[in-house]
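Peer 1: My structure file query32.cif, mmCIF, C-alpha atoms, is below:
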```
data_query
loop_
_atom_site.group_PDB
_atom_site.id
_atom_site.type_symbol
_atom_site.label_atom_id
_atom_site.label_comp_id
_atom_site.auth_asym_id
_atom_site.auth_seq_id
_atom_site.Cartn_x
_atom_site.Cartn_y
_atom_site.Cartn_z
ATOM 1 C CA MET A 1 -10.400 -1.144 -6.333
ATOM 2 C CA SER A 2 -8.490 -3.426 -8.732
ATOM 3 C CA TYR A 3 -11.549 -4.703 -10.650
ATOM 4 C CA GLU A 4 -9.841 -8.115 -10.666
ATOM 5 C CA ALA A 5 -13.043 -10.054 -11.289
ATOM 6 C CA PHE A 6 -14.376 -7.416 -13.694
ATOM 7 C CA ALA A 7 -11.131 -7.561 -15.688
ATOM 8 C CA ALA A 8 -11.383 -11.332 -16.018
ATOM 9 C CA GLY A 9 -14.894 -11.135 -17.450
ATOM 10 C CA TYR A 10 -14.844 -7.693 -19.058
ATOM 11 C CA ASP A 11 -14.299 -8.691 -22.683
ATOM 12 C CA ALA A 12 -16.983 -11.382 -22.489
ATOM 13 C CA LEU A 13 -19.479 -8.863 -21.034
ATOM 14 C CA THR A 14 -18.727 -6.243 -23.693
ATOM 15 C CA GLN A 15 -19.087 -8.488 -26.734
ATOM 16 C CA ASN A 16 -22.159 -6.434 -27.670
ATOM 17 C CA VAL A 17 -20.139 -3.185 -27.771
ATOM 18 C CA ASP A 18 -19.487 -2.059 -31.353
ATOM 19 C CA TYR A 19 -15.896 -0.942 -30.831
ATOM 20 C CA ASP A 20 -15.414 -0.352 -34.567
ATOM 21 C CA ALA A 21 -18.308 2.127 -34.648
ATOM 22 C CA CYS A 22 -17.081 3.758 -31.437
ATOM 23 C CA ALA A 23 -13.566 4.174 -32.829
ATOM 24 C CA ALA A 24 -14.912 5.526 -36.120
ATOM 25 C CA PHE A 25 -17.038 8.076 -34.234
ATOM 26 C CA LEU A 26 -14.098 9.191 -32.095
ATOM 27 C CA CYS A 27 -11.722 9.489 -35.039
ATOM 28 C CA ALA A 28 -14.284 11.502 -37.017
ATOM 29 C CA ALA A 29 -14.898 13.813 -34.045
ATOM 30 C CA LEU A 30 -11.176 14.431 -33.547
ATOM 31 C CA ARG A 31 -10.627 15.092 -37.226
ATOM 32 C CA ARG A 32 -13.495 17.594 -37.331
ATOM 33 C CA TYR A 33 -11.451 19.696 -34.924
ATOM 34 C CA GLY A 34 -8.130 19.285 -36.701
ATOM 35 C CA ILE A 35 -6.692 16.284 -34.833
ATOM 36 C CA ALA A 36 -5.855 13.627 -37.423
ATOM 37 C CA ASP A 37 -2.767 12.272 -35.700
ATOM 38 C CA GLY A 38 -0.568 12.790 -32.653
ATOM 39 C CA LEU A 39 -0.725 11.705 -29.033
ATOM 40 C CA VAL A 40 -4.104 10.660 -27.601
ATOM 41 C CA LEU A 41 -4.949 9.580 -24.053
ATOM 42 C CA ASP A 42 -7.405 6.729 -23.543
ATOM 43 C CA LEU A 43 -8.490 7.415 -19.962
ATOM 44 C CA ALA A 44 -9.821 4.409 -18.029
ATOM 45 C CA CYS A 45 -8.781 2.282 -20.989
ATOM 46 C CA GLY A 46 -9.815 -1.010 -19.382
ATOM 47 C CA THR A 47 -8.598 -4.021 -21.325
ATOM 48 C CA GLY A 48 -7.442 -1.848 -24.209
ATOM 49 C CA THR A 49 -9.718 -2.915 -27.063
ATOM 50 C CA LEU A 50 -10.568 0.663 -28.050
ATOM 51 C CA THR A 51 -6.977 1.750 -27.384
ATOM 52 C CA GLY A 52 -5.823 -0.698 -30.021
ATOM 53 C CA LYS A 53 -8.355 0.470 -32.579
ATOM 54 C CA LEU A 54 -7.338 4.123 -32.140
ATOM 55 C CA ALA A 55 -3.688 3.124 -32.501
ATOM 56 C CA ALA A 56 -4.551 1.230 -35.682
ATOM 57 C CA ALA A 57 -6.209 4.426 -36.982
ATOM 58 C CA GLY A 58 -2.857 6.226 -36.841
ATOM 59 C CA TYR A 59 -2.821 7.870 -33.423
ATOM 60 C CA SER A 60 -0.116 7.424 -30.792
ATOM 61 C CA LEU A 61 -1.769 6.162 -27.634
ATOM 62 C CA ILE A 62 -1.346 6.417 -23.889
ATOM 63 C CA GLY A 63 -3.682 4.107 -22.003
ATOM 64 C CA ALA A 64 -4.339 4.917 -18.345
ATOM 65 C CA ASP A 65 -6.344 2.816 -15.915
ATOM 66 C CA ALA A 66 -6.410 2.320 -12.139
ATOM 67 C CA SER A 67 -6.717 -1.460 -12.459
ATOM 68 C CA PRO A 68 -3.482 -3.434 -12.883
ATOM 69 C CA ASP A 69 -5.580 -6.450 -13.874
ATOM 70 C CA MET A 70 -7.230 -4.526 -16.711
ATOM 71 C CA LEU A 71 -3.863 -3.183 -17.847
ATOM 72 C CA ALA A 72 -2.304 -6.645 -17.894
ATOM 73 C CA VAL A 73 -4.865 -7.660 -20.519
ATOM 74 C CA ALA A 74 -4.406 -4.380 -22.419
ATOM 75 C CA ARG A 75 -0.628 -4.781 -22.582
ATOM 76 C CA GLN A 76 -0.991 -8.306 -23.924
ATOM 77 C CA LYS A 77 -3.361 -7.108 -26.668
ATOM 78 C CA ALA A 78 -0.999 -4.302 -27.681
ATOM 79 C CA ALA A 79 1.975 -6.678 -27.802
ATOM 80 C CA GLN A 80 0.060 -9.141 -29.969
ATOM 81 C CA ALA A 81 -0.887 -6.304 -32.355
ATOM 82 C CA GLY A 82 2.688 -4.990 -32.471
ATOM 83 C CA GLN A 83 1.582 -1.626 -31.085
ATOM 84 C CA ASP A 84 3.948 0.533 -29.045
ATOM 85 C CA THR A 85 1.402 1.856 -26.537
ATOM 86 C CA LEU A 86 2.368 3.343 -23.187
ATOM 87 C CA PHE A 87 0.134 2.037 -20.400
ATOM 88 C CA LEU A 88 0.012 3.783 -17.013
ATOM 89 C CA CYS A 89 -1.584 2.453 -13.841
ATOM 90 C CA GLN A 90 -3.157 5.670 -12.565
ATOM 91 C CA ASP A 91 -6.362 6.794 -10.940
ATOM 92 C CA MET A 92 -8.358 9.265 -13.054
ATOM 93 C CA CYS A 93 -8.273 11.825 -10.263
ATOM 94 C CA ALA A 94 -4.485 11.633 -9.967
ATOM 95 C CA LEU A 95 -3.589 11.504 -13.657
ATOM 96 C CA ASP A 96 0.050 12.481 -14.154
ATOM 97 C CA LEU A 97 1.402 12.376 -17.699
ATOM 98 C CA TYR A 98 4.887 13.175 -18.908
ATOM 99 C CA GLY A 99 3.668 16.003 -21.130
ATOM 100 C CA THR A 100 0.593 17.177 -22.992
ATOM 101 C CA VAL A 101 -1.619 15.261 -25.404
ATOM 102 C CA ARG A 102 -3.564 16.484 -28.417
ATOM 103 C CA ALA A 103 -6.744 14.717 -27.361
ATOM 104 C CA ALA A 104 -8.259 12.423 -24.769
ATOM 105 C CA VAL A 105 -11.124 9.948 -24.770
ATOM 106 C CA CYS A 106 -12.961 8.196 -21.932
ATOM 107 C CA THR A 107 -15.602 5.629 -22.857
ATOM 108 C CA LEU A 108 -18.069 3.059 -21.507
ATOM 109 C CA ASP A 109 -19.353 5.278 -18.650
ATOM 110 C CA SER A 110 -16.016 5.263 -16.827
ATOM 111 C CA LEU A 111 -16.615 8.724 -15.340
ATOM 112 C CA ASN A 112 -19.860 7.425 -13.811
ATOM 113 C CA HIS A 113 -17.741 5.190 -11.560
ATOM 114 C CA LEU A 114 -16.408 8.194 -9.642
ATOM 115 C CA PRO A 115 -18.143 8.553 -6.261
ATOM 116 C CA ASP A 116 -19.191 12.219 -6.301
ATOM 117 C CA GLU A 117 -18.958 15.578 -8.064
ATOM 118 C CA ALA A 118 -15.692 16.458 -6.321
ATOM 119 C CA HIS A 119 -13.988 13.388 -7.790
ATOM 120 C CA VAL A 120 -15.451 14.085 -11.241
ATOM 121 C CA GLN A 121 -14.197 17.658 -11.000
ATOM 122 C CA ALA A 122 -10.736 16.427 -10.046
ATOM 123 C CA ALA A 123 -10.609 14.005 -12.979
ATOM 124 C CA LEU A 124 -11.756 16.644 -15.470
ATOM 125 C CA ALA A 125 -9.185 19.102 -14.112
ATOM 126 C CA ARG A 126 -6.382 16.550 -14.604
ATOM 127 C CA VAL A 127 -7.497 15.846 -18.174
ATOM 128 C CA SER A 128 -7.629 19.573 -18.912
ATOM 129 C CA LEU A 129 -4.188 20.106 -17.377
ATOM 130 C CA PHE A 130 -2.578 17.647 -19.786
ATOM 131 C CA LEU A 131 -4.518 18.697 -22.884
ATOM 132 C CA GLU A 132 -2.844 21.073 -25.303
ATOM 133 C CA PRO A 133 -4.724 24.375 -25.725
ATOM 134 C CA GLY A 134 -7.391 23.654 -28.301
ATOM 135 C CA GLY A 135 -7.168 19.931 -27.477
ATOM 136 C CA VAL A 136 -10.316 17.828 -27.612
ATOM 137 C CA PHE A 137 -11.768 15.552 -24.917
ATOM 138 C CA VAL A 138 -14.506 13.114 -25.954
ATOM 139 C CA PHE A 139 -16.272 11.011 -23.336
ATOM 140 C CA ASP A 140 -19.532 9.209 -22.725
ATOM 141 C CA VAL A 141 -21.691 8.890 -19.620
ATOM 142 C CA ASN A 142 -24.734 6.961 -18.531
ATOM 143 C CA THR A 143 -27.757 9.184 -18.008
ATOM 144 C CA PRO A 144 -30.062 9.552 -15.005
ATOM 145 C CA TYR A 145 -32.770 7.998 -17.190
ATOM 146 C CA LYS A 146 -30.714 4.825 -17.637
ATOM 147 C CA HIS A 147 -30.023 4.568 -13.920
ATOM 148 C CA ARG A 148 -33.678 5.117 -12.982
ATOM 149 C CA GLU A 149 -35.452 3.158 -15.710
ATOM 150 C CA VAL A 150 -33.027 0.611 -17.176
ATOM 151 C CA LEU A 151 -30.609 -0.440 -14.449
ATOM 152 C CA ALA A 152 -32.924 0.418 -11.525
ATOM 153 C CA ASP A 153 -33.355 -2.705 -9.370
ATOM 154 C CA ASN A 154 -33.178 -5.088 -12.319
ATOM 155 C CA VAL A 155 -31.131 -8.272 -12.661
ATOM 156 C CA PHE A 156 -29.353 -9.286 -15.864
ATOM 157 C CA VAL A 157 -27.790 -12.620 -16.762
ATOM 158 C CA TYR A 158 -25.001 -13.104 -19.317
ATOM 159 C CA ASP A 159 -24.161 -16.603 -20.495
ATOM 160 C CA THR A 160 -21.163 -16.885 -22.822
ATOM 161 C CA ASP A 161 -18.612 -19.575 -23.564
ATOM 162 C CA GLU A 162 -16.064 -17.719 -21.423
ATOM 163 C CA VAL A 163 -18.151 -16.742 -18.402
ATOM 164 C CA TYR A 164 -21.579 -16.894 -16.775
ATOM 165 C CA CYS A 165 -22.435 -13.610 -15.042
ATOM 166 C CA VAL A 166 -25.289 -12.481 -12.817
ATOM 167 C CA TRP A 167 -25.591 -8.663 -12.727
ATOM 168 C CA GLN A 168 -27.714 -7.277 -9.868
ATOM 169 C CA ASN A 169 -28.586 -3.600 -9.408
ATOM 170 C CA ALA A 170 -29.771 -1.691 -6.362
ATOM 171 C CA PRO A 171 -30.830 1.979 -6.629
ATOM 172 C CA LEU A 172 -29.069 4.478 -4.380
ATOM 173 C CA PRO A 173 -29.945 8.129 -3.642
ATOM 174 C CA GLY A 174 -28.936 10.774 -6.153
ATOM 175 C CA ASP A 175 -29.367 8.814 -9.399
ATOM 176 C CA ALA A 176 -26.750 6.303 -8.316
ATOM 177 C CA VAL A 177 -26.925 2.539 -8.543
ATOM 178 C CA GLU A 178 -24.978 -0.184 -6.780
ATOM 179 C CA ILE A 179 -23.876 -2.941 -9.154
ATOM 180 C CA ALA A 180 -23.038 -6.431 -7.894
ATOM 181 C CA LEU A 181 -21.466 -8.844 -10.368
ATOM 182 C CA ASP A 182 -20.985 -12.563 -9.787
ATOM 183 C CA PHE A 183 -18.781 -14.270 -12.373
ATOM 184 C CA PHE A 184 -18.572 -18.024 -12.866
ATOM 185 C CA PHE A 185 -15.616 -19.156 -14.978
ATOM 186 C CA PRO A 186 -15.366 -22.740 -16.271
ATOM 187 C CA ALA A 187 -12.661 -24.576 -14.308
ATOM 188 C CA GLY A 188 -12.918 -27.995 -15.924
ATOM 189 C CA LYS A 189 -14.797 -31.219 -15.213
ATOM 190 C CA GLY A 190 -18.098 -29.458 -14.570
ATOM 191 C CA THR A 191 -16.696 -27.079 -11.965
ATOM 192 C CA TYR A 192 -16.636 -23.289 -11.914
ATOM 193 C CA ARG A 193 -14.488 -20.615 -10.299
ATOM 194 C CA ARG A 194 -16.538 -17.778 -8.775
ATOM 195 C CA LEU A 195 -15.350 -14.172 -8.548
ATOM 196 C CA SER A 196 -17.463 -11.252 -7.328
ATOM 197 C CA GLU A 197 -17.251 -7.486 -7.780
ATOM 198 C CA THR A 198 -19.341 -4.668 -6.313
ATOM 199 C CA PHE A 199 -19.165 -0.994 -7.218
ATOM 200 C CA ALA A 200 -21.441 2.003 -7.721
ATOM 201 C CA GLU A 201 -22.129 4.336 -10.605
ATOM 202 C CA ARG A 202 -23.556 7.843 -10.314
ATOM 203 C CA ALA A 203 -25.301 9.823 -13.057
ATOM 204 C CA TYR A 204 -25.658 13.599 -13.383
ATOM 205 C CA ALA A 205 -27.929 15.983 -15.248
ATOM 206 C CA PRO A 206 -26.545 17.750 -18.364
ATOM 207 C CA SER A 207 -26.461 21.044 -16.460
ATOM 208 C CA THR A 208 -24.158 19.494 -13.861
ATOM 209 C CA TRP A 209 -21.817 18.129 -16.511
ATOM 210 C CA GLU A 210 -21.652 21.525 -18.216
ATOM 211 C CA LYS A 211 -20.860 23.231 -14.899
ATOM 212 C CA LEU A 212 -18.103 20.756 -14.076
ATOM 213 C CA LEU A 213 -16.631 20.978 -17.565
ATOM 214 C CA LEU A 214 -16.593 24.770 -17.560
ATOM 215 C CA SER A 215 -14.843 24.756 -14.191
ATOM 216 C CA ALA A 216 -12.138 22.611 -15.770
ATOM 217 C CA GLY A 217 -11.748 24.941 -18.748
ATOM 218 C CA LEU A 218 -13.548 22.602 -21.153
ATOM 219 C CA ARG A 219 -16.281 23.860 -23.483
ATOM 220 C CA VAL A 220 -18.983 21.578 -24.866
ATOM 221 C CA LEU A 221 -18.877 21.467 -28.663
ATOM 222 C CA GLU A 222 -21.292 18.616 -29.399
ATOM 223 C CA LEU A 223 -23.715 16.310 -27.601
ATOM 224 C CA ARG A 224 -24.761 12.991 -29.148
ATOM 225 C CA ASP A 225 -27.151 10.157 -28.354
ATOM 226 C CA GLY A 226 -24.537 7.471 -27.899
ATOM 227 C CA TYR A 227 -22.094 6.997 -30.757
ATOM 228 C CA THR A 228 -24.521 8.261 -33.389
ATOM 229 C CA ASP A 229 -25.120 11.536 -35.194
ATOM 230 C CA ALA A 230 -28.440 12.063 -33.401
ATOM 231 C CA PRO A 231 -28.857 14.596 -30.574
ATOM 232 C CA PRO A 232 -29.674 13.336 -27.072
ATOM 233 C CA ARG A 233 -33.284 12.554 -26.177
ATOM 234 C CA GLU A 234 -35.074 12.347 -22.841
ATOM 235 C CA THR A 235 -34.780 8.558 -23.114
ATOM 236 C CA SER A 236 -31.099 8.467 -24.119
ATOM 237 C CA GLU A 237 -29.226 5.924 -22.052
ATOM 238 C CA ARG A 238 -25.756 7.142 -22.993
ATOM 239 C CA VAL A 239 -24.674 10.650 -23.993
ATOM 240 C CA VAL A 240 -21.401 11.461 -25.726
ATOM 241 C CA TYR A 241 -19.757 14.818 -24.995
ATOM 242 C CA VAL A 242 -17.304 16.377 -27.423
ATOM 243 C CA THR A 243 -15.427 19.142 -25.581
ATOM 244 C CA ARG A 244 -12.412 21.356 -26.178
ATOM 245 C CA LYS A 245 -9.882 23.021 -23.931
ATOM 246 C CA GLU A 246 -10.149 26.708 -24.622
ATOM 247 C CA PRO A 247 -6.908 28.404 -25.733
ATOM 248 C CA VAL A 248 -5.505 30.813 -23.144
#
```
Produce structure tokens that represent the structure in this file.

Peer 2:
Amino acid sequence: MSYEAFAAGYDALTQNVDYDACAAFLCAALRRYGIADGLVLDLACGTGTLTGKLAAAGYSLIGADASPDMLAVARQKAAQAGQDTLFLCQDMCALDLYGTVRAAVCTLDSLNHLPDEAHVQAALARVSLFLEPGGVFVFDVNTPYKHREVLADNVFVYDTDEVYCVWQNAPLPGDAVEIALDFFFPAGKGTYRRLSETFAERAYAPSTWEKLLLSAGLRVLELRDGYTDAPPRETSERVVYVTRKEPV
């Protein structure tokens, strides 16, 4: 899936995301475990907004994403900022870097997009493979609570200057939800260009995440309620995992 329509409307839909707070959280987490500089992977980097903020914080970045349309936007942002970021068009489950990285991040529920536990396990194994021993992997995921109670079968509408979007959800078995997005982009003289995207997200219990992480050689160091200092609650919609690859 190229996420062509999603890429075109992604930045407009994520205007409510506090990327500065997210970047500050990630940098603080990495520094707590001795990673203040060096090479960092932004897995499923999307349009590269967070990638740019981590680069501005002093890290060297690799941005990987399976969508060439997302990466086209990310490359343009990096060029405008004068940042020398390497972008790779790669699926999470087939990640293939040129060497190891000190840390990796994966944000905005990207791992929830994988279709099943086997694909999640494959992605985690690839991240672990390219992490240095003692390297840190920080990621966030949507929770089963969010899928059941917030997304559920609800419809959301986003109306911005750049795009009008109708977001429709349909629950699926196993704490999954099908998401259908219809984007309407202004095309001049009262006309609009419509693009549509459909995909599914799947959520897992904390015990499942811990099992999958341990199988990949990653140990959970911290759990947070979103990008805050608070621990997760039963009603947390997003949980952040701070993990580390155990030295051999």

Peer 1: Expand the PyMOL selection byres ((chain A and resi 78-83) around 10) into the explicit residue set it covers here, and present it as an mmCIF file with C-alpha atoms, keeping the file's coordinate frame.

Peer 2:
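Final file, out-v9.cif:
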```
data_model
loop_
_atom_site.group_PDB
_atom_site.id
_atom_site.type_symbol
_atom_site.label_atom_id
_atom_site.label_comp_id
_atom_site.auth_asym_id
_atom_site.auth_seq_id
_atom_site.Cartn_x
_atom_site.Cartn_y
_atom_site.Cartn_z
ATOM 1 C CA THR A 47 -8.598 -4.021 -21.325
ATOM 2 C CA GLY A 48 -7.442 -1.848 -24.209
ATOM 3 C CA THR A 49 -9.718 -2.915 -27.063
ATOM 4 C CA THR A 51 -6.977 1.750 -27.384
ATOM 5 C CA GLY A 52 -5.823 -0.698 -30.021
ATOM 6 C CA ALA A 55 -3.688 3.124 -32.501
ATOM 7 C CA ALA A 56 -4.551 1.230 -35.682
ATOM 8 C CA SER A 60 -0.116 7.424 -30.792
ATOM 9 C CA LEU A 61 -1.769 6.162 -27.634
ATOM 10 C CA VAL A 73 -4.865 -7.660 -20.519
ATOM 11 C CA ALA A 74 -4.406 -4.380 -22.419
ATOM 12 C CA ARG A 75 -0.628 -4.781 -22.582
ATOM 13 C CA GLN A 76 -0.991 -8.306 -23.924
ATOM 14 C CA LYS A 77 -3.361 -7.108 -26.668
ATOM 15 C CA ASP A 84 3.948 0.533 -29.045
ATOM 16 C CA THR A 85 1.402 1.856 -26.537
ATOM 17 C CA LEU A 86 2.368 3.343 -23.187
ATOM 18 C CA PHE A 87 0.134 2.037 -20.400
#
```

Peer 1: Which neighbours of A:Phe185 fall inside 6 Å, counting all atoms listed in the file, when residues of the same chain fewer than 2 positions from it are skipped, and could you give them as an MDAnalysis selection string?

Peer 2: chainID A and resid 163 192:193

Peer 1: Might I get the box with edges along x, y and z of the file that holds all atoms of stretch 129-132 of chain A listed there, padded by 6 Å on every side, given as centre and edge lengths in Å to one decimal, as AutoDock Vina command-line options?

Peer 2:
```
--center_x -3.5 --center_y 19.4 --center_z -21.3 --size_x 13.9 --size_y 15.4 --size_z 19.9
```

Peer 1: Which residues fall under the PyMOL selection byres ((chain A and resi 25) around 12) in this file, as number ranges by chain?

Peer 2: A: 18-24, 26-32, 50, 53-54, 57, 105, 107, 138-140, 224-229, 240-242

Peer 1: Do you have the atom CA of A:Phe183-atom CA of A:Val150 distance handy?

Peer 2: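 Interatomic distance, atom CA of A:Phe183 to atom CA of A:Val150: 21.2 Å.
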
Peer 1: Within 10 Å of A:Phe137, counting only C-alpha atoms, which residues show up once you throw out same-chain ones fewer than 3 positions away? Write them as a short mmCIF file (atom, residue, chain, number, x, y, z; two decimals) with C-alpha atoms, in the coordinates of the input, please.

Peer 2:
```
data_model
loop_
_atom_site.label_atom_id
_atom_site.label_comp_id
_atom_site.auth_asym_id
_atom_site.auth_seq_id
_atom_site.Cartn_x
_atom_site.Cartn_y
_atom_site.Cartn_z
CA LEU A 26 -14.10 9.19 -32.10
CA ALA A 29 -14.90 13.81 -34.04
CA LEU A 30 -11.18 14.43 -33.55
CA VAL A 40 -4.10 10.66 -27.60
CA LEU A 41 -4.95 9.58 -24.05
CA ASP A 42 -7.40 6.73 -23.54
CA ARG A 102 -3.56 16.48 -28.42
CA ALA A 103 -6.74 14.72 -27.36
CA ALA A 104 -8.26 12.42 -24.77
CA VAL A 105 -11.12 9.95 -24.77
CA CYS A 106 -12.96 8.20 -21.93
CA LEU A 124 -11.76 16.64 -15.47
CA VAL A 127 -7.50 15.85 -18.17
CA SER A 128 -7.63 19.57 -18.91
CA LEU A 131 -4.52 18.70 -22.88
CA GLY A 134 -7.39 23.65 -28.30
CA LEU A 218 -13.55 22.60 -21.15
CA ARG A 219 -16.28 23.86 -23.48
CA VAL A 220 -18.98 21.58 -24.87
CA LEU A 221 -18.88 21.47 -28.66
CA TYR A 241 -19.76 14.82 -25.00
CA VAL A 242 -17.30 16.38 -27.42
CA THR A 243 -15.43 19.14 -25.58
CA ARG A 244 -12.41 21.36 -26.18
CA LYS A 245 -9.88 23.02 -23.93
#
```

Peer 1: With a cut-off of 6 Å, could you pull out the residues of stretch 108-144 of chain A touching stretch 198-207 of chain A and give me the nearest pair of atoms for each, distance in Å to one decimal, using only C-alpha atoms, ordered by chain and ascending number, as CSV?

Peer 2:
```
residue,atom,partner,partner_atom,distance
A:Asn112,CA,A:Glu201,CA,5.0
A:His113,CA,A:Glu201,CA,4.6
A:Thr143,CA,A:Ala203,CA,5.6
A:Pro144,CA,A:Ala203,CA,5.2
```

Peer 1: Out of A:Asp91, A:Glu117, A:Glu132, A:Asp37, which residue has the shortest atom-to-atom distance to A:Gly58 when counting all atoms listed in the file?

Peer 2: A:Asp37

Peer 1: Any idea what's packed within 10 Å of stretch 68-71 of chain A, counting all atoms listed in the file, ignoring anything in its chain fewer than 2 positions away? Could you give it as a ChimeraX atom specification?

Peer 2: /A:1-8,10,44-48,63-66,73-77,87-90

Peer 1: For this file, the PyMOL selection byres ((chain A and resi 151) around 9) selects which residues, as a PyMOL selection string?

Peer 2: chain A and resi 146-150+152-155+168-171+177+179

Peer 1: What is the atom CA of A:Tyr164-atom CA of A:Ser110 distance in Å, reported with one decimal?

Peer 2: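 Separation between atom CA of A:Tyr164 and atom CA of A:Ser110: 22.8 Å.
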
Peer 1: How many Å separate atom CA of A:Glu178 from atom CA of A:Tyr158?

Peer 2: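 Value for the atom CA of A:Glu178-atom CA of A:Tyr158 distance: 18.0 Å.
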
Peer 1: Ranking A:Ala230, A:Ala125, A:Val136, A:Ala180 by minimum distance to A:Phe156 and counting all atoms listed in the file, which one comes first?

Peer 2: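 Of the candidates, the smallest distance to A:Phe156 is held by A:Ala180.
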
Peer 1: Between A:Gly34, A:Asp116, A:Lys211, A:Cys93, which is the closest to A:Pro173 once you count all atoms listed in the file?

Peer 2: A:Asp116

Peer 1: Only all heavy atoms, please: stretch 9-15 of chain A from the block, as a CSV table (one decimal), in the first residue's frame.

Peer 2:
```csv
chain,number,residue,atom,x,y,z
A,9,GLY,N,-2.8,14.1,2.6
A,9,GLY,CA,-3.5,14.8,3.6
A,9,GLY,C,-3.0,14.6,5.0
A,9,GLY,O,-3.5,15.1,6.0
A,10,TYR,N,-1.8,13.9,5.1
A,10,TYR,CA,-1.3,13.5,6.4
A,10,TYR,C,-1.0,14.7,7.3
A,10,TYR,O,-1.4,14.7,8.5
A,10,TYR,CB,-0.1,12.6,6.2
A,10,TYR,CG,0.5,12.0,7.5
A,10,TYR,CD1,-0.1,10.8,8.0
A,10,TYR,CD2,1.5,12.5,8.2
A,10,TYR,CE1,0.3,10.2,9.1
A,10,TYR,CE2,2.0,11.9,9.3
A,10,TYR,CZ,1.4,10.8,9.8
A,10,TYR,OH,1.9,10.2,10.9
A,11,ASP,N,-0.2,15.6,6.8
A,11,ASP,CA,0.2,16.8,7.6
A,11,ASP,C,-1.0,17.6,8.1
A,11,ASP,O,-1.0,18.1,9.2
A,11,ASP,CB,1.2,17.6,6.9
A,11,ASP,CG,2.5,17.0,6.8
A,11,ASP,OD1,2.8,16.1,7.5
A,11,ASP,OD2,3.3,17.4,5.9
A,12,ALA,N,-2.0,17.7,7.3
A,12,ALA,CA,-3.3,18.4,7.7
A,12,ALA,C,-4.0,17.7,8.8
A,12,ALA,O,-4.5,18.3,9.7
A,12,ALA,CB,-4.2,18.6,6.5
A,13,LEU,N,-4.0,16.3,8.7
A,13,LEU,CA,-4.7,15.5,9.7
A,13,LEU,C,-4.0,15.5,11.0
A,13,LEU,O,-4.6,15.2,12.1
A,13,LEU,CB,-4.9,14.1,9.2
A,13,LEU,CG,-6.0,14.0,8.1
A,13,LEU,CD1,-6.2,12.5,7.7
A,13,LEU,CD2,-7.3,14.6,8.5
A,14,THR,N,-2.7,15.7,11.0
A,14,THR,CA,-1.9,15.6,12.2
A,14,THR,C,-1.5,17.0,12.8
A,14,THR,O,-0.5,17.1,13.5
A,14,THR,CB,-0.6,14.7,12.0
A,14,THR,OG1,0.1,15.3,10.9
A,14,THR,CG2,-1.0,13.3,11.7
A,15,GLN,N,-2.2,18.0,12.4
A,15,GLN,CA,-1.9,19.3,13.0
A,15,GLN,C,-2.1,19.4,14.5
A,15,GLN,O,-1.4,20.2,15.1
A,15,GLN,CB,-2.8,20.4,12.3
A,15,GLN,CG,-2.5,20.7,10.9
A,15,GLN,CD,-3.5,21.7,10.3
A,15,GLN,OE1,-4.4,22.2,10.9
A,15,GLN,NE2,-3.3,22.0,9.0
```
